[in-house]
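Asks: One structure follows; several queries about it will come next.
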Amino acid sequence: MGSGVEAFRAEVAGASAHVTVGTPLARLTTLRVGGPAAAVVTVDDEAALQRTVVAAHTHGLPLLVVGRGSNLLVGDDGWPGVVLRLGEGFRGLRLDGTTVRAGAAEPMPSVAVTTARAGLGGFAWGAAVPGSMGGGVRMNAGAHGADMADTLVTATVLDVRTGELTDWGPDRLALGYRTSALDAAHVVTAVTLTLTPADAGEVLAEIDRIRTWRRTHQPLERPSCGSVFTNPPGTSAGALIEEAGLKGQRIGGAEVSTRHANFIVTDTDARAADVAALIDHVVRTVAERTGTVLRPEVVRPDVADPTR
Ligand SMILES: Cc1cc2nc3c(=O)[nH]c(=O)nc-3n(C[C@H](O)[C@H](O)[C@H](O)COP(=O)(O)OP(=O)(O)OC[C@H]3O[C@@H](n4cnc5c(N)ncnc54)[C@H](O)[C@@H]3O)c2cc1C
């Protein structure tokens, strides 16, 4: 693997592609756990992106796209291949009337605030989600009664198997509750939304309310991946975890938050294995005590799983 990585690096590194070897993924994820990546490549334009995915394939290095790492649990062994990140060249926002074109690396809160200031409503909820626009589409992120599907017009998607860059509409994306038709072979490079004219002051006030609610109800001062489980129909995962008596439950450096039972927070000495074991313990205990089997929302990338 080592020589494969060196050959890969020699082929890819350049002005628009920055490559590091052995970077701990704990640095790139909000849970702050996860071992080293064989290579982390940050690309700044489409040519570098294409070069990187072709070279990863040529050298047999599995690809993992990482946005802002806010919904990822990577193992302590790290990632044996290429972690692909979209850099500054994929940031930014263009407004044209009510149409918003955002780079996939643009943070969702920044899109929320910029569009609010421009007098556009419909994306204030994005201020609550610390992900990138690309990760937001892949997960169909949502909050406060709205989600990506509500305003999305197209996502520009690179299929790494074919090298094709095409616009996907809502039908093809098939956005569901924290799901989409995107898999490990897809890289979202840009997203187009249609928002609605609104009073800038009112949308900014809505963002303030959302942020205050979050600070009060969620342990934002500690590392986490947000909600660990999706809500089962008709109830909330947090309520079931609380009912099962698991608030404050610990394994190693991972803890079920005492403020919000659907959050797992980590200490500085936490390992990914602690988080994984706590997730398994929560699933088992909630199933035993309430009869409901919780479905993890957090993504656990696995080289053997092509849909990771
Ligand atoms: C404090 C906190 C609060 C949160 N609150 C919410 C919430 O209210 N609602 C909600 O839905 N989520 C929430 N989340 C979870 C997370 O922010 C979302 O799932 C977000 O959409 C993930 O985006 P990301 O860029 O961080 O993706 P990552 O975590 O980096 O990746 C997640 C998945 O998306 C893929 N991916 C990332 N970027 C791309 C891309 N450009 N193209 C293709 N695939 C890509 C990855 O391969 C992976 O499969 C919260 C997280 C935290 C830490």
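In the structure tokens, the first chain shown is A, the next is B, and so on; residue numbers restart at 1 for each chain, and ligands run from 1 in the order shown.
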Using only C-alpha atoms and all ligand atoms, find each residue with an atom at most 6 Å away from ligand 1 and format the answer as a PyMOL selection string.
Replies: chain A and resi 30+64-72+104+128-132+134-136+138-139+141-143+186-189+220+224-226+299+308
Asks: Take the residues that were just selected and, keeping C-alpha atoms, output them as a PDB file, in the first residue's frame.
Replies:
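File written: part.pdb
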```pdb
ATOM      1  CA  THR A  30     -16.520  16.569  14.426  1.00  0.00           C
ATOM      2  CA  LEU A  64     -13.871   8.328   0.697  1.00  0.00           C
ATOM      3  CA  VAL A  65     -15.371  11.787   0.166  1.00  0.00           C
ATOM      4  CA  VAL A  66     -15.274  13.871   3.339  1.00  0.00           C
ATOM      5  CA  GLY A  67     -17.112  17.167   3.610  1.00  0.00           C
ATOM      6  CA  ARG A  68     -17.032  18.842   7.009  1.00  0.00           C
ATOM      7  CA  GLY A  69     -16.927  15.425   8.683  1.00  0.00           C
ATOM      8  CA  SER A  70     -19.988  16.210  10.792  1.00  0.00           C
ATOM      9  CA  ASN A  71     -21.756  12.910  10.215  1.00  0.00           C
ATOM     10  CA  LEU A  72     -18.861  10.477  10.040  1.00  0.00           C
ATOM     11  CA  ALA A 104     -20.427  21.763  -2.621  1.00  0.00           C
ATOM     12  CA  ALA A 128     -28.280  24.556  12.387  1.00  0.00           C
ATOM     13  CA  VAL A 129     -26.377  21.976  10.346  1.00  0.00           C
ATOM     14  CA  PRO A 130     -22.551  22.147  10.492  1.00  0.00           C
ATOM     15  CA  GLY A 131     -22.100  20.273   7.225  1.00  0.00           C
ATOM     16  CA  SER A 132     -21.138  21.186   3.659  1.00  0.00           C
ATOM     17  CA  GLY A 134     -22.427  18.404  -0.763  1.00  0.00           C
ATOM     18  CA  GLY A 135     -22.724  16.371   2.436  1.00  0.00           C
ATOM     19  CA  GLY A 136     -26.121  17.987   2.989  1.00  0.00           C
ATOM     20  CA  ARG A 138     -25.948  13.182   0.180  1.00  0.00           C
ATOM     21  CA  MET A 139     -27.639  12.979   3.617  1.00  0.00           C
ATOM     22  CA  ALA A 141     -29.923  17.002   5.813  1.00  0.00           C
ATOM     23  CA  GLY A 142     -32.851  18.622   7.537  1.00  0.00           C
ATOM     24  CA  ALA A 143     -33.902  20.443  10.666  1.00  0.00           C
ATOM     25  CA  HIS A 186     -20.578  10.034  -6.384  1.00  0.00           C
ATOM     26  CA  VAL A 187     -19.070  13.422  -5.644  1.00  0.00           C
ATOM     27  CA  VAL A 188     -21.403  16.416  -5.473  1.00  0.00           C
ATOM     28  CA  THR A 189     -19.524  19.472  -6.769  1.00  0.00           C
ATOM     29  CA  LEU A 220     -22.677  21.966  21.052  1.00  0.00           C
ATOM     30  CA  SER A 224     -20.328  14.937  18.414  1.00  0.00           C
ATOM     31  CA  CYS A 225     -21.899  14.009  15.082  1.00  0.00           C
ATOM     32  CA  GLY A 226     -25.293  15.520  15.892  1.00  0.00           C
ATOM     33  CA  VAL A 299     -22.122   7.184   8.388  1.00  0.00           C
ATOM     34  CA  ARG A 308     -20.680   3.848   2.280  1.00  0.00           C
TER      35      ARG A 308
END
```
Asks: Could you give me, as a count of residues only, the residues within 8 Å of Ala181 in chain A, counting only C-alpha atoms and dropping anything in the same chain fewer than 3 positions from it?
Replies: 5
Asks: CA of Gly122 in chain A and CA of Asp208 in chain A, how far apart in Å?
Replies: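 Here the two named atoms are 14.7 Å from each other.
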Asks: Between range 131-212 of chain A and range 34-53 of chain A, at 9 Å or less, what are the per-residue closest atom pairs and their distances in Å? Count only C-alpha atoms, order by chain and rising residue number, and return it as CSV.
Replies:
```
residue,atom,partner,partner_atom,distance
A:Leu158,CA,A:Gln50,CA,8.6
A:Val160,CA,A:Val53,CA,6.2
A:Arg161,CA,A:Val53,CA,8.7
A:Gly163,CA,A:Gln50,CA,6.9
A:Thr189,CA,A:Glu46,CA,8.5
```
Asks: Could you tell me which of A:Ala287, A:Ala155, A:Val82, A:Ala237 comes closest to Val54 in chain A if we count only C-alpha atoms?
Replies: A:Val82
Asks: Would you please extract all strand (DSSP E) residues from range 84-147 of chain A, as assigned by DSSP on the backbone, and give them as a list in words?
Replies: Leu84, Arg85, Leu86, Leu93, Arg94, Leu95, Asp96, Thr99, Val100, Arg101, Ala102, Gly103, Leu120, Gly121, Gly142, Ala143, Ala146 and Asp147 of chain A
Asks: Counting only C-alpha atoms, which of A:Leu246, A:Ala190, A:Ala124, A:Ala304 gets nearest to Thr285 in chain A?
Replies: A:Leu246
Asks: DSSP says alpha helix (DSSP H) for which residues of range 95-281 of chain A? Put them as an NGL selection string?
Replies: :A and (108-117 or 133-139 or 170-173 or 200-217 or 237-243 or 272-281)
Asks: Which residues are close to Ser227 in chain A, i.e. within 8 Å by only C-alpha atoms, leaving aside same-chain residues fewer than 4 positions away? Reply as a PyMOL selection string.
Replies: chain A and resi 262-264+297-298
Asks: Could you name the residues that touch Glu206 in chain A at 10 Å or less, counting only C-alpha atoms, but leaving out those on the same chain fewer than 2 positions away, as number ranges by chain?
Replies: A: 116, 121, 124-125, 127, 200-204, 208-212
Asks: Can you list, as a PDB file with N, CA and C atoms, in the first residue's frame, every protein, DNA or RNA residue that comes within 9 Å of Arg289 in chain A when you count only C-alpha atoms, leaving out same-chain residues fewer than 2 positions away?
Replies:
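Below you can see around.pdb, which holds the result:
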```pdb
ATOM      1  N   LEU A 240     -36.721   7.582  23.145  1.00  0.00           N
ATOM      2  CA  LEU A 240     -36.580   6.139  23.402  1.00  0.00           C
ATOM      3  C   LEU A 240     -35.295   5.839  24.175  1.00  0.00           C
ATOM      4  N   GLU A 243     -35.919   6.880  27.681  1.00  0.00           N
ATOM      5  CA  GLU A 243     -36.831   5.901  28.305  1.00  0.00           C
ATOM      6  C   GLU A 243     -36.068   4.629  28.689  1.00  0.00           C
ATOM      7  N   ALA A 244     -35.068   4.267  27.909  1.00  0.00           N
ATOM      8  CA  ALA A 244     -34.276   3.067  28.194  1.00  0.00           C
ATOM      9  C   ALA A 244     -33.239   3.326  29.288  1.00  0.00           C
ATOM     10  N   ARG A 284     -29.008  -2.152  21.200  1.00  0.00           N
ATOM     11  CA  ARG A 284     -29.432  -3.387  21.892  1.00  0.00           C
ATOM     12  C   ARG A 284     -30.377  -3.078  23.044  1.00  0.00           C
ATOM     13  N   THR A 285     -29.991  -2.099  23.862  1.00  0.00           N
ATOM     14  CA  THR A 285     -30.775  -1.811  25.070  1.00  0.00           C
ATOM     15  C   THR A 285     -32.138  -1.222  24.712  1.00  0.00           C
ATOM     16  N   VAL A 286     -32.158  -0.294  23.738  1.00  0.00           N
ATOM     17  CA  VAL A 286     -33.445   0.307  23.343  1.00  0.00           C
ATOM     18  C   VAL A 286     -34.355  -0.774  22.748  1.00  0.00           C
ATOM     19  N   ALA A 287     -33.794  -1.692  21.970  1.00  0.00           N
ATOM     20  CA  ALA A 287     -34.611  -2.773  21.375  1.00  0.00           C
ATOM     21  C   ALA A 287     -35.195  -3.656  22.493  1.00  0.00           C
ATOM     22  N   GLY A 291     -38.675  -2.288  22.303  1.00  0.00           N
ATOM     23  CA  GLY A 291     -39.110  -3.054  21.124  1.00  0.00           C
ATOM     24  C   GLY A 291     -38.783  -2.364  19.803  1.00  0.00           C
ATOM     25  N   THR A 292     -38.175  -1.179  19.843  1.00  0.00           N
ATOM     26  CA  THR A 292     -37.849  -0.465  18.593  1.00  0.00           C
ATOM     27  C   THR A 292     -36.354  -0.602  18.277  1.00  0.00           C
TER      28      THR A 292
END
```
Asks: Find, counting only C-alpha atoms, the residue in A:Gly78, A:Gly145, A:Gly92, A:Pro219 that gets nearest to Leu28 in chain A.
Replies: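 Answer, going by the shortest atom-to-atom distance: A:Gly78.
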